[in-house]
Amino acid sequence: MPADAARPTPASPAHVPAPAPVPVPMTAAASGVIHDLGYRRYDGRRLGRAQIARALCWHSLRSAFGIGRGVKAKIIPVIAFGIMCLPAIVNAVAVATSASHAPVVHYDTYTSAVRVLVMTVFIAAQAPELVSRDLRSHVLPLYFSRPIRRIDYPLAKLAAFVLACLIMIEVPELLLYLGTVLQAHGLSAIWAQTRGLVPGLLVGLMWAVVLAAIGLALASLSGRRAYATGTIAIFFFLTWTLARLLSHIAARVGGPGRPVPVPGAIGPPHGHNVFTVVPRPVPAGEHLAGLISPFTALDGVREWLGGTTPGIIPDPGGYGPAYGLMVLVFLGVAVGGLIARYRKVGIA
């Protein structure tokens, strides 16, 4: 008999009996262990839709000036605000040092070129801060999961940016007023400056609402800040340049005024007639060229409503209603496009 046959072989797994199940008490199976990690329940009053929109507006207003963020986020708002205040400071110095104490900067126009340039840079840089980050980070579903409607988000952002633009425009106006009235003599002079300030504040409000709406509508088209900034800057600069260029071309085509003899006037020493130059009528093309840009359209409305200070474009005259209608078109298209954009994002 071979030696291997005498060695015992292990039993096959099929023949190993399975271990008997251990009965588990029902109380142990149904119970568990809760570990207290220190979390506390919120027992306060839960706020609703209005409070959420207000908090969103306040947070957006702070973001427009870089408050609560790093130093880099504050560079452009601070520099832009400082440049906007420079004409008011120059006016205060000029009023204090001149003998007539006459202001050199007007309330309704302020300094048109400075205001156009600074507001373009400010809106192009800060409007994407309010809307592009949320689009790129895909956090809008978190906003809309709260008791807030889709229309509340863009309106809260628009209200915040209008307030930011008002600060950029109206605070320099108030500094201009203070620098002038401090050198005024008598209550009549102070009252005259106050009457001039009120139309300037209303013009600033009109600028803030229209420009903020256009800036946010363009910024909401892209989640990338660089693209949004470029879109806003190109739109404002291109329309502004085009409006000014077409206005100059129309003025050139119209030609200068024509000389007209003065009846009964004889000039010495040879008895020739005396001529005067009659100003030419402003051609329609020069009037209508201002409808292209929001800046020129806003200035045309200012002159149409009674502004006496020469501004960016000539007095629109009978074309004033067209400028008013164009401003409403700019505002309506911008606000409607902003709301439609976030209605689409909310559904997606």
# chains A, B, ... in the order shown; residues from 1 in each chain; ligands from 1
>>> residues_around(residues="Val114 of chain A", least_positions_apart="5", cutoff="10 Å", atoms="only C-alpha atoms", output="ChimeraX atom specification")
/A:83-84,86-87,119-120
>>> select_by_dssp(residues="segment 31-278 of chain A", states="helix (DSSP H, G or I)", output="NGL selection string")
:A and (49-64 or 72-97 or 112-137 or 140-144 or 152-181 or 187-219 or 225-254)
>>> residues_around(residues="Gly300 of chain A", least_positions_apart="6", cutoff="7 Å", atoms="only C-alpha atoms", output="PyMOL selection string")
chain A and resi 313+315-316+320+323
>>> write_last_selection(atoms="all heavy atoms", output="compact mmCIF listing (two decimals), in the first residue's frame")
# COMPACT_ATOMS: atom_id res chain seq x y z
N ILE A 313 -23.48 116.85 -27.00
CA ILE A 313 -24.05 117.03 -28.34
C ILE A 313 -24.78 118.36 -28.39
O ILE A 313 -25.07 118.96 -27.34
CB ILE A 313 -25.02 115.87 -28.68
CG1 ILE A 313 -26.16 115.83 -27.67
CG2 ILE A 313 -24.29 114.54 -28.74
CD1 ILE A 313 -27.24 114.84 -28.02
N ASP A 315 -27.96 120.98 -28.86
CA ASP A 315 -29.33 120.92 -28.36
C ASP A 315 -30.21 120.18 -29.37
O ASP A 315 -30.27 120.56 -30.54
CB ASP A 315 -29.84 122.34 -28.15
CG ASP A 315 -31.21 122.37 -27.48
OD1 ASP A 315 -31.79 121.29 -27.25
OD2 ASP A 315 -31.70 123.48 -27.20
N PRO A 316 -30.89 119.08 -28.95
CA PRO A 316 -31.67 118.31 -29.93
C PRO A 316 -32.87 119.04 -30.47
O PRO A 316 -33.39 118.67 -31.53
CB PRO A 316 -32.09 117.06 -29.14
CG PRO A 316 -32.04 117.48 -27.72
CD PRO A 316 -30.92 118.47 -27.62
N GLY A 320 -35.95 116.17 -29.39
CA GLY A 320 -35.88 115.77 -27.99
C GLY A 320 -36.71 114.54 -27.66
O GLY A 320 -36.23 113.64 -26.96
N TYR A 323 -34.89 111.38 -28.42
CA TYR A 323 -33.87 111.02 -27.44
C TYR A 323 -34.50 110.40 -26.20
O TYR A 323 -33.97 109.44 -25.63
CB TYR A 323 -33.05 112.26 -27.06
CG TYR A 323 -31.97 112.59 -28.05
CD1 TYR A 323 -32.24 113.34 -29.19
CD2 TYR A 323 -30.67 112.15 -27.86
CE1 TYR A 323 -31.25 113.64 -30.11
CE2 TYR A 323 -29.66 112.45 -28.77
CZ TYR A 323 -29.97 113.19 -29.89
OH TYR A 323 -28.98 113.47 -30.81
>>> closest_residue(among="A:Met168, A:Leu245, A:Leu140, A:Leu305", to="Gly317 of chain A", atoms="only C-alpha atoms")
A:Leu305
>>> closest_residue(among="A:Pro294, A:Gly230, A:Gly68, A:Gly196", to="Leu331 of chain A", atoms="only C-alpha atoms")
A:Pro294
>>> atom_distance(atom1="atom CA of Ala233 of chain A", atom2="atom CA of Lys74 of chain A")
19.2 Å
>>> residues_around(residues="Leu325 of chain A", least_positions_apart="4", cutoff="10 Å", atoms="only C-alpha atoms", output="number ranges by chain")
A: 291, 297, 301, 320-321, 329-331
>>> residues_around(residues="Pro141 of chain A", least_positions_apart="5", cutoff="12 Å", atoms="only C-alpha atoms", output="VMD selection string")
chain A and resid 134 to 135 146 to 150 153 342 to 348
>>> residues_around(residues="Val181 of chain A", least_positions_apart="2", cutoff="12 Å", atoms="only C-alpha atoms", output="PDB file with N, CA and C atoms, in the first residue's frame")
ATOM      1  N   ASN A  91     -12.877 122.582  -8.599  1.00  0.00           N
ATOM      2  CA  ASN A  91     -13.871 123.663  -8.542  1.00  0.00           C
ATOM      3  C   ASN A  91     -13.831 124.380  -7.195  1.00  0.00           C
ATOM      4  N   ALA A  92     -13.685 123.619  -6.106  1.00  0.00           N
ATOM      5  CA  ALA A  92     -13.625 124.253  -4.781  1.00  0.00           C
ATOM      6  C   ALA A  92     -12.417 125.169  -4.659  1.00  0.00           C
ATOM      7  N   VAL A  95     -13.104 128.324  -6.860  1.00  0.00           N
ATOM      8  CA  VAL A  95     -14.078 129.235  -6.242  1.00  0.00           C
ATOM      9  C   VAL A  95     -13.448 129.980  -5.068  1.00  0.00           C
ATOM     10  N   ALA A  96     -12.604 129.285  -4.309  1.00  0.00           N
ATOM     11  CA  ALA A  96     -11.994 129.918  -3.139  1.00  0.00           C
ATOM     12  C   ALA A  96     -10.939 130.945  -3.526  1.00  0.00           C
ATOM     13  N   HIS A 101     -15.727 134.283  -7.234  1.00  0.00           N
ATOM     14  CA  HIS A 101     -16.261 133.065  -6.596  1.00  0.00           C
ATOM     15  C   HIS A 101     -17.245 132.336  -7.514  1.00  0.00           C
ATOM     16  N   ALA A 102     -16.973 132.391  -8.819  1.00  0.00           N
ATOM     17  CA  ALA A 102     -17.847 131.726  -9.784  1.00  0.00           C
ATOM     18  C   ALA A 102     -17.396 130.288  -9.974  1.00  0.00           C
ATOM     19  N   PRO A 103     -18.324 129.332  -9.955  1.00  0.00           N
ATOM     20  CA  PRO A 103     -17.936 127.925 -10.158  1.00  0.00           C
ATOM     21  C   PRO A 103     -17.515 127.673 -11.593  1.00  0.00           C
ATOM     22  N   LEU A 174     -22.365 116.182  -4.716  1.00  0.00           N
ATOM     23  CA  LEU A 174     -22.539 116.780  -3.391  1.00  0.00           C
ATOM     24  C   LEU A 174     -21.261 117.481  -2.930  1.00  0.00           C
ATOM     25  N   LEU A 175     -20.102 116.900  -3.235  1.00  0.00           N
ATOM     26  CA  LEU A 175     -18.842 117.576  -2.913  1.00  0.00           C
ATOM     27  C   LEU A 175     -18.710 118.881  -3.689  1.00  0.00           C
ATOM     28  N   LEU A 176     -19.142 118.868  -4.945  1.00  0.00           N
ATOM     29  CA  LEU A 176     -19.139 120.093  -5.751  1.00  0.00           C
ATOM     30  C   LEU A 176     -20.031 121.156  -5.125  1.00  0.00           C
ATOM     31  N   TYR A 177     -21.179 120.732  -4.636  1.00  0.00           N
ATOM     32  CA  TYR A 177     -22.115 121.669  -3.998  1.00  0.00           C
ATOM     33  C   TYR A 177     -21.525 122.242  -2.712  1.00  0.00           C
ATOM     34  N   LEU A 178     -20.955 121.389  -1.880  1.00  0.00           N
ATOM     35  CA  LEU A 178     -20.378 121.861  -0.621  1.00  0.00           C
ATOM     36  C   LEU A 178     -19.209 122.810  -0.862  1.00  0.00           C
ATOM     37  N   GLY A 179     -18.352 122.480  -1.825  1.00  0.00           N
ATOM     38  CA  GLY A 179     -17.224 123.347  -2.118  1.00  0.00           C
ATOM     39  C   GLY A 179     -17.644 124.708  -2.637  1.00  0.00           C
ATOM     40  N   GLN A 183     -18.221 128.990  -0.027  1.00  0.00           N
ATOM     41  CA  GLN A 183     -17.697 130.288  -0.425  1.00  0.00           C
ATOM     42  C   GLN A 183     -18.800 131.257  -0.842  1.00  0.00           C
ATOM     43  N   ALA A 184     -20.060 130.818  -0.719  1.00  0.00           N
ATOM     44  CA  ALA A 184     -21.176 131.678  -1.120  1.00  0.00           C
ATOM     45  C   ALA A 184     -21.438 132.731  -0.041  1.00  0.00           C
ATOM     46  N   HIS A 185     -21.905 133.884  -0.484  1.00  0.00           N
ATOM     47  CA  HIS A 185     -22.197 135.005   0.416  1.00  0.00           C
ATOM     48  C   HIS A 185     -23.694 135.276   0.382  1.00  0.00           C
ATOM     49  N   GLY A 186     -24.362 134.978   1.464  1.00  0.00           N
ATOM     50  CA  GLY A 186     -25.786 135.256   1.550  1.00  0.00           C
ATOM     51  C   GLY A 186     -26.634 134.040   1.248  1.00  0.00           C
ATOM     52  N   LEU A 187     -27.846 134.068   1.779  1.00  0.00           N
ATOM     53  CA  LEU A 187     -28.771 132.957   1.583  1.00  0.00           C
ATOM     54  C   LEU A 187     -29.232 132.842   0.139  1.00  0.00           C
ATOM     55  N   SER A 188     -29.314 133.963  -0.564  1.00  0.00           N
ATOM     56  CA  SER A 188     -29.753 133.918  -1.959  1.00  0.00           C
ATOM     57  C   SER A 188     -28.760 133.141  -2.819  1.00  0.00           C
ATOM     58  N   ALA A 189     -27.475 133.316  -2.560  1.00  0.00           N
ATOM     59  CA  ALA A 189     -26.466 132.573  -3.314  1.00  0.00           C
ATOM     60  C   ALA A 189     -26.525 131.087  -2.989  1.00  0.00           C
ATOM     61  N   ILE A 190     -26.749 130.757  -1.722  1.00  0.00           N
ATOM     62  CA  ILE A 190     -26.871 129.337  -1.346  1.00  0.00           C
ATOM     63  C   ILE A 190     -28.101 128.720  -1.981  1.00  0.00           C
ATOM     64  N   TRP A 191     -29.215 129.461  -2.006  1.00  0.00           N
ATOM     65  CA  TRP A 191     -30.438 128.943  -2.603  1.00  0.00           C
ATOM     66  C   TRP A 191     -30.268 128.749  -4.106  1.00  0.00           C
ATOM     67  N   ALA A 192     -29.530 129.638  -4.763  1.00  0.00           N
ATOM     68  CA  ALA A 192     -29.286 129.493  -6.203  1.00  0.00           C
ATOM     69  C   ALA A 192     -28.469 128.236  -6.479  1.00  0.00           C
ATOM     70  N   GLN A 193     -27.482 127.945  -5.636  1.00  0.00           N
ATOM     71  CA  GLN A 193     -26.709 126.718  -5.811  1.00  0.00           C
ATOM     72  C   GLN A 193     -27.558 125.474  -5.532  1.00  0.00           C
ATOM     73  N   THR A 194     -28.456 125.563  -4.583  1.00  0.00           N
ATOM     74  CA  THR A 194     -29.320 124.421  -4.268  1.00  0.00           C
ATOM     75  C   THR A 194     -30.272 124.127  -5.424  1.00  0.00           C
ATOM     76  N   ARG A 195     -30.812 125.184  -6.026  1.00  0.00           N
ATOM     77  CA  ARG A 195     -31.687 124.977  -7.189  1.00  0.00           C
ATOM     78  C   ARG A 195     -30.933 124.387  -8.362  1.00  0.00           C
ATOM     79  N   GLY A 196     -29.665 124.710  -8.503  1.00  0.00           N
ATOM     80  CA  GLY A 196     -28.871 124.112  -9.570  1.00  0.00           C
ATOM     81  C   GLY A 196     -28.477 122.677  -9.268  1.00  0.00           C
ATOM     82  N   LEU A 197     -28.377 122.327  -7.971  1.00  0.00           N
ATOM     83  CA  LEU A 197     -27.974 120.966  -7.605  1.00  0.00           C
ATOM     84  C   LEU A 197     -29.059 119.943  -7.903  1.00  0.00           C
TER      85      LEU A 197
END
>>> closest_residue(among="A:Tyr107, A:Phe235, A:Tyr42, A:Trp207", to="Ile167 of chain A", atoms="only C-alpha atoms")
A:Trp207
>>> decode(residues="segment 66-93 of chain A", atoms="N, CA, C and O atoms", output="short mmCIF file (atom, residue, chain, number, x, y, z; two decimals), in the first residue's frame")
data_model
loop_
_atom_site.label_atom_id
_atom_site.label_comp_id
_atom_site.auth_asym_id
_atom_site.auth_seq_id
_atom_site.Cartn_x
_atom_site.Cartn_y
_atom_site.Cartn_z
N GLY A 66 -15.66 96.08 -3.81
CA GLY A 66 -14.61 95.21 -3.30
C GLY A 66 -14.57 95.08 -1.81
O GLY A 66 -13.56 94.62 -1.25
N ILE A 67 -15.62 95.47 -1.11
CA ILE A 67 -15.65 95.39 0.36
C ILE A 67 -15.82 93.93 0.77
O ILE A 67 -16.67 93.21 0.24
N GLY A 68 -15.00 93.49 1.71
CA GLY A 68 -15.03 92.11 2.14
C GLY A 68 -14.14 91.20 1.32
O GLY A 68 -14.11 89.99 1.56
N ARG A 69 -13.41 91.78 0.39
CA ARG A 69 -12.49 91.00 -0.44
C ARG A 69 -11.09 91.57 -0.31
O ARG A 69 -10.83 92.46 0.50
N GLY A 70 -10.16 91.05 -1.11
CA GLY A 70 -8.77 91.47 -1.01
C GLY A 70 -8.53 92.88 -1.52
O GLY A 70 -9.44 93.57 -2.01
N VAL A 71 -7.28 93.30 -1.43
CA VAL A 71 -6.91 94.66 -1.84
C VAL A 71 -7.07 94.86 -3.34
O VAL A 71 -7.48 95.93 -3.80
N LYS A 72 -6.78 93.84 -4.12
CA LYS A 72 -6.87 93.97 -5.58
C LYS A 72 -8.29 94.29 -6.03
O LYS A 72 -8.47 95.00 -7.03
N ALA A 73 -9.29 93.76 -5.33
CA ALA A 73 -10.68 94.03 -5.72
C ALA A 73 -11.09 95.46 -5.46
O ALA A 73 -12.10 95.92 -6.00
N LYS A 74 -10.33 96.19 -4.64
CA LYS A 74 -10.68 97.57 -4.31
C LYS A 74 -9.93 98.59 -5.16
O LYS A 74 -10.23 99.79 -5.07
N ILE A 75 -8.98 98.18 -5.96
CA ILE A 75 -8.12 99.14 -6.68
C ILE A 75 -8.94 99.96 -7.67
O ILE A 75 -8.92 101.20 -7.64
N ILE A 76 -9.66 99.30 -8.56
CA ILE A 76 -10.40 100.04 -9.60
C ILE A 76 -11.51 100.90 -9.00
O ILE A 76 -11.65 102.08 -9.39
N PRO A 77 -12.34 100.41 -8.08
CA PRO A 77 -13.37 101.30 -7.51
C PRO A 77 -12.79 102.53 -6.81
O PRO A 77 -13.31 103.63 -6.96
N VAL A 78 -11.71 102.36 -6.06
CA VAL A 78 -11.13 103.49 -5.34
C VAL A 78 -10.54 104.51 -6.31
O VAL A 78 -10.75 105.73 -6.18
N ILE A 79 -9.79 104.04 -7.31
CA ILE A 79 -9.20 104.97 -8.28
C ILE A 79 -10.28 105.67 -9.08
O ILE A 79 -10.21 106.90 -9.30
N ALA A 80 -11.30 104.94 -9.50
CA ALA A 80 -12.39 105.56 -10.27
C ALA A 80 -13.12 106.61 -9.44
O ALA A 80 -13.43 107.70 -9.94
N PHE A 81 -13.39 106.31 -8.19
CA PHE A 81 -14.07 107.28 -7.33
C PHE A 81 -13.20 108.51 -7.10
O PHE A 81 -13.69 109.64 -7.09
N GLY A 82 -11.90 108.31 -6.93
CA GLY A 82 -11.01 109.45 -6.75
C GLY A 82 -10.96 110.35 -7.96
O GLY A 82 -10.97 111.58 -7.84
N ILE A 83 -10.93 109.76 -9.15
CA ILE A 83 -10.91 110.58 -10.38
C ILE A 83 -12.23 111.33 -10.54
O ILE A 83 -12.24 112.50 -10.96
N MET A 84 -13.33 110.70 -10.18
CA MET A 84 -14.62 111.38 -10.29
C MET A 84 -14.71 112.58 -9.34
O MET A 84 -15.42 113.56 -9.63
N CYS A 85 -14.02 112.53 -8.22
CA CYS A 85 -14.07 113.63 -7.25
C CYS A 85 -13.10 114.76 -7.59
O CYS A 85 -13.21 115.85 -7.01
N LEU A 86 -12.16 114.53 -8.50
CA LEU A 86 -11.17 115.56 -8.82
C LEU A 86 -11.79 116.86 -9.35
O LEU A 86 -11.39 117.95 -8.92
N PRO A 87 -12.76 116.83 -10.29
CA PRO A 87 -13.36 118.10 -10.73
C PRO A 87 -14.01 118.88 -9.59
O PRO A 87 -13.94 120.13 -9.59
N ALA A 88 -14.62 118.21 -8.63
CA ALA A 88 -15.21 118.92 -7.50
C ALA A 88 -14.15 119.60 -6.66
O ALA A 88 -14.34 120.73 -6.16
N ILE A 89 -13.01 118.93 -6.47
CA ILE A 89 -11.92 119.53 -5.70
C ILE A 89 -11.34 120.73 -6.45
O ILE A 89 -11.07 121.78 -5.85
N VAL A 90 -11.13 120.58 -7.75
CA VAL A 90 -10.61 121.70 -8.56
C VAL A 90 -11.57 122.88 -8.52
O VAL A 90 -11.16 124.05 -8.41
N ASN A 91 -12.88 122.58 -8.60
CA ASN A 91 -13.87 123.66 -8.54
C ASN A 91 -13.83 124.38 -7.20
O ASN A 91 -13.93 125.61 -7.14
N ALA A 92 -13.69 123.62 -6.11
CA ALA A 92 -13.63 124.25 -4.78
C ALA A 92 -12.42 125.17 -4.66
O ALA A 92 -12.51 126.28 -4.11
N VAL A 93 -11.29 124.74 -5.19
CA VAL A 93 -10.09 125.59 -5.15
C VAL A 93 -10.27 126.83 -6.01
O VAL A 93 -9.89 127.95 -5.62
#
